[in-house]
Amino acid sequence: MRCLTNVLGLGLGLCFLLSDYSPSRAQTSYGQIIRQAVEAMQGDSLQRADSLLHQALKSAPNHMATPLVYRYLGQIREQLGYPQEALENYSKGLQHKADDVELRLDRAALLYRMGLHQRALSDYSDVLRLQPKHIEALQMRAHIQASLRNYKSARLDYETILHLEPLNSRAQVGLILVNDRSGRPREALDRINALVSMFPDSALYRAVRGGMLHRRKQYEYALADLNEAIRLCPTCADYYISRATLYLDMRKRRLARQDTKEAVRLGADPREMAALLKKD
């Protein structure tokens, strides 16, 4: 998931743009508003920062900093819990500057979190038309394509990442899972076995292999891998969820319940965990 830009980045980005302007009366007023907005964000006054940024837009709607202002307005609305308003701000920013990669990435990430995967896919593809080697966009496009069962397209993106970054673990795992689900199970298992041998202390690779063995109904081997993943990384909620799912298939509901409780403690959604336990 794409992280929200921090306050320091906001201040540096906007102040850099403002520094290129001569100190006319209107521009000085605009700059003062922006600096007050930055100070408000640094003081965790998001509502005040939001108000000041809107004031800046009203005073100079076609300023060169306008796309960046819309970007940070979008991020503020996300933090305040208004995703639809955030989406509108990102879109307005892109109307001013369609080739703004960071703004488009922010919108794509939000669309993905909102479940609007086809629209997110379009944004990531637009980023890749501008920057064909952009790792984040390749990673997310591959992930979405895999979720839509467009395995050939997902495989191409993962292979592109691994050509650029041979040790990229997320791409390694993504390619393995795509192969496992698209008619190459032997190749997928051979590859994850090789990665576990090369990186025995990787909780991620252990958990991935555990999930693959689970799907093959090799429950005891899967449990050994998931136990090891949790030992290596005891604060990852996803690993407890994976083990809870396995325990349910092994008819060990008490142990599954213990793992869902631990997953909730580590940040998992309590409703999703309750729904998991209700499954037959």
# chains A, B, ... in the order shown; residues from 1 in each chain; ligands from 1
$ residues_around --residues "Lys152 in chain A" --least-positions-apart "4" --cutoff "12 Å" --atoms "only C-alpha atoms" --output "list in words"
Ala142, His143, Gln145, Ala146, Ser147, Leu148, Leu156, Asp157, Tyr158, Glu159, Leu175, Val178, Asn179, Arg181, Ser182 and Gly183 of chain A
$ residues_around --residues "Val69 in chain A" --least-positions-apart "3" --cutoff "10 Å" --atoms "only C-alpha atoms" --output "PyMOL selection string"
chain A and resi 10+13-14+34+50+53-54+56-57+63-66+72-75+89-90+93
$ write_last_selection --atoms "C-alpha atoms" --output "PDB file, in the first residue's frame"
ATOM      1  CA  LEU A  10       4.650  18.741   1.813  1.00  0.00           C
ATOM      2  CA  GLY A  13       7.590  20.411  -2.174  1.00  0.00           C
ATOM      3  CA  LEU A  14       5.388  23.459  -1.946  1.00  0.00           C
ATOM      4  CA  ILE A  34       0.777  27.817   1.959  1.00  0.00           C
ATOM      5  CA  ASP A  50      -7.357  21.740   4.601  1.00  0.00           C
ATOM      6  CA  LEU A  53      -5.100  24.951   1.098  1.00  0.00           C
ATOM      7  CA  HIS A  54      -8.589  25.601  -0.242  1.00  0.00           C
ATOM      8  CA  ALA A  56      -4.807  29.077  -1.638  1.00  0.00           C
ATOM      9  CA  LEU A  57      -6.669  27.451  -4.518  1.00  0.00           C
ATOM     10  CA  HIS A  63      -0.721  28.551  -9.899  1.00  0.00           C
ATOM     11  CA  MET A  64       1.991  26.094 -10.932  1.00  0.00           C
ATOM     12  CA  ALA A  65       1.712  24.535  -7.472  1.00  0.00           C
ATOM     13  CA  THR A  66      -1.995  23.751  -7.926  1.00  0.00           C
ATOM     14  CA  TYR A  72      -2.045  17.085  -0.416  1.00  0.00           C
ATOM     15  CA  LEU A  73      -5.688  18.018  -0.064  1.00  0.00           C
ATOM     16  CA  GLY A  74      -6.438  14.484  -1.210  1.00  0.00           C
ATOM     17  CA  GLN A  75      -4.048  13.016   1.332  1.00  0.00           C
ATOM     18  CA  ASN A  89      -9.055  16.120  -5.192  1.00  0.00           C
ATOM     19  CA  TYR A  90      -6.591  13.748  -6.857  1.00  0.00           C
ATOM     20  CA  GLY A  93      -5.003  17.753  -9.650  1.00  0.00           C
TER      21      GLY A  93
END
$ residues_around --residues "Met273 in chain A" --least-positions-apart "4" --cutoff "9 Å" --atoms "only C-alpha atoms" --output "mmCIF file with N, CA and C atoms, in the first residue's frame"
data_model
loop_
_atom_site.group_PDB
_atom_site.id
_atom_site.type_symbol
_atom_site.label_atom_id
_atom_site.label_comp_id
_atom_site.auth_asym_id
_atom_site.auth_seq_id
_atom_site.Cartn_x
_atom_site.Cartn_y
_atom_site.Cartn_z
ATOM 1 N N ILE A 241 -3.380 -15.426 10.593
ATOM 2 C CA ILE A 241 -4.608 -15.683 9.831
ATOM 3 C C ILE A 241 -4.430 -16.917 8.953
ATOM 4 N N ARG A 257 -9.190 -20.310 16.806
ATOM 5 C CA ARG A 257 -9.724 -19.166 17.541
ATOM 6 C C ARG A 257 -8.599 -18.397 18.242
ATOM 7 N N THR A 260 -6.870 -16.270 15.605
ATOM 8 C CA THR A 260 -7.634 -15.097 15.163
ATOM 9 C C THR A 260 -7.604 -14.009 16.228
ATOM 10 N N LYS A 261 -7.634 -14.395 17.497
ATOM 11 C CA LYS A 261 -7.535 -13.401 18.576
ATOM 12 C C LYS A 261 -6.194 -12.687 18.531
ATOM 13 N N ALA A 263 -4.344 -12.349 15.858
ATOM 14 C CA ALA A 263 -4.343 -11.522 14.651
ATOM 15 C C ALA A 263 -5.049 -10.196 14.901
ATOM 16 N N VAL A 264 -6.161 -10.234 15.613
ATOM 17 C CA VAL A 264 -6.882 -9.001 15.947
ATOM 18 C C VAL A 264 -6.017 -8.108 16.818
ATOM 19 N N ALA A 268 -5.591 -7.023 12.804
ATOM 20 C CA ALA A 268 -6.559 -7.567 11.845
ATOM 21 C C ALA A 268 -7.965 -7.082 12.172
ATOM 22 N N ASP A 269 -8.828 -7.087 11.171
ATOM 23 C CA ASP A 269 -10.208 -6.646 11.335
ATOM 24 C C ASP A 269 -10.994 -7.685 12.151
ATOM 25 N N LEU A 277 -14.125 -17.586 11.364
ATOM 26 C CA LEU A 277 -14.448 -18.664 12.292
ATOM 27 C C LEU A 277 -15.826 -19.264 12.038
ATOM 28 N N LYS A 278 -16.702 -18.526 11.355
ATOM 29 C CA LYS A 278 -18.050 -19.028 11.064
ATOM 30 C C LYS A 278 -18.074 -19.936 9.853
#
$ atom_distance --atom1 "CA of Leu204 in chain A" --atom2 "CA of Arg155 in chain A"
19.8 Å
$ decode --residues "range 249-262 of chain A" --atoms "N, CA, C and O atoms" --output "PDB file, in the first residue's frame"
ATOM      1  N   ASP A 249      -9.193 -26.138   8.625  1.00  0.00           N
ATOM      2  CA  ASP A 249      -9.239 -27.293   7.734  1.00  0.00           C
ATOM      3  C   ASP A 249      -8.763 -28.563   8.431  1.00  0.00           C
ATOM      4  O   ASP A 249      -9.141 -29.682   8.033  1.00  0.00           O
ATOM      5  N   MET A 250      -7.973 -28.396   9.485  1.00  0.00           N
ATOM      6  CA  MET A 250      -7.490 -29.537  10.257  1.00  0.00           C
ATOM      7  C   MET A 250      -8.447 -29.895  11.393  1.00  0.00           C
ATOM      8  O   MET A 250      -8.153 -30.762  12.213  1.00  0.00           O
ATOM      9  N   ARG A 251      -9.599 -29.174  11.452  1.00  0.00           N
ATOM     10  CA  ARG A 251     -10.608 -29.376  12.487  1.00  0.00           C
ATOM     11  C   ARG A 251     -10.056 -29.072  13.881  1.00  0.00           C
ATOM     12  O   ARG A 251     -10.376 -29.747  14.859  1.00  0.00           O
ATOM     13  N   LYS A 252      -9.264 -28.040  13.965  1.00  0.00           N
ATOM     14  CA  LYS A 252      -8.708 -27.603  15.256  1.00  0.00           C
ATOM     15  C   LYS A 252      -9.211 -26.186  15.533  1.00  0.00           C
ATOM     16  O   LYS A 252      -8.468 -25.214  15.469  1.00  0.00           O
ATOM     17  N   ARG A 253     -10.505 -26.093  15.840  1.00  0.00           N
ATOM     18  CA  ARG A 253     -11.150 -24.794  15.976  1.00  0.00           C
ATOM     19  C   ARG A 253     -10.617 -24.000  17.170  1.00  0.00           C
ATOM     20  O   ARG A 253     -10.535 -22.764  17.110  1.00  0.00           O
ATOM     21  N   ARG A 254     -10.291 -24.659  18.242  1.00  0.00           N
ATOM     22  CA  ARG A 254      -9.788 -23.929  19.413  1.00  0.00           C
ATOM     23  C   ARG A 254      -8.489 -23.213  19.070  1.00  0.00           C
ATOM     24  O   ARG A 254      -8.291 -22.045  19.422  1.00  0.00           O
ATOM     25  N   LEU A 255      -7.587 -23.908  18.375  1.00  0.00           N
ATOM     26  CA  LEU A 255      -6.330 -23.284  17.977  1.00  0.00           C
ATOM     27  C   LEU A 255      -6.569 -22.184  16.948  1.00  0.00           C
ATOM     28  O   LEU A 255      -5.892 -21.147  16.969  1.00  0.00           O
ATOM     29  N   ALA A 256      -7.523 -22.406  16.059  1.00  0.00           N
ATOM     30  CA  ALA A 256      -7.862 -21.372  15.074  1.00  0.00           C
ATOM     31  C   ALA A 256      -8.360 -20.123  15.784  1.00  0.00           C
ATOM     32  O   ALA A 256      -7.995 -18.999  15.420  1.00  0.00           O
ATOM     33  N   ARG A 257      -9.190 -20.310  16.806  1.00  0.00           N
ATOM     34  CA  ARG A 257      -9.724 -19.166  17.541  1.00  0.00           C
ATOM     35  C   ARG A 257      -8.599 -18.397  18.242  1.00  0.00           C
ATOM     36  O   ARG A 257      -8.596 -17.160  18.255  1.00  0.00           O
ATOM     37  N   GLN A 258      -7.657 -19.114  18.800  1.00  0.00           N
ATOM     38  CA  GLN A 258      -6.519 -18.451  19.455  1.00  0.00           C
ATOM     39  C   GLN A 258      -5.741 -17.597  18.451  1.00  0.00           C
ATOM     40  O   GLN A 258      -5.336 -16.474  18.761  1.00  0.00           O
ATOM     41  N   ASP A 259      -5.545 -18.136  17.251  1.00  0.00           N
ATOM     42  CA  ASP A 259      -4.789 -17.378  16.241  1.00  0.00           C
ATOM     43  C   ASP A 259      -5.560 -16.166  15.748  1.00  0.00           C
ATOM     44  O   ASP A 259      -4.969 -15.108  15.472  1.00  0.00           O
ATOM     45  N   THR A 260      -6.870 -16.270  15.605  1.00  0.00           N
ATOM     46  CA  THR A 260      -7.634 -15.097  15.163  1.00  0.00           C
ATOM     47  C   THR A 260      -7.604 -14.009  16.228  1.00  0.00           C
ATOM     48  O   THR A 260      -7.546 -12.821  15.904  1.00  0.00           O
ATOM     49  N   LYS A 261      -7.634 -14.395  17.497  1.00  0.00           N
ATOM     50  CA  LYS A 261      -7.535 -13.401  18.576  1.00  0.00           C
ATOM     51  C   LYS A 261      -6.194 -12.687  18.531  1.00  0.00           C
ATOM     52  O   LYS A 261      -6.112 -11.468  18.709  1.00  0.00           O
ATOM     53  N   GLU A 262      -5.133 -13.444  18.273  1.00  0.00           N
ATOM     54  CA  GLU A 262      -3.813 -12.832  18.177  1.00  0.00           C
ATOM     55  C   GLU A 262      -3.723 -11.931  16.948  1.00  0.00           C
ATOM     56  O   GLU A 262      -3.117 -10.848  16.998  1.00  0.00           O
TER      57      GLU A 262
END
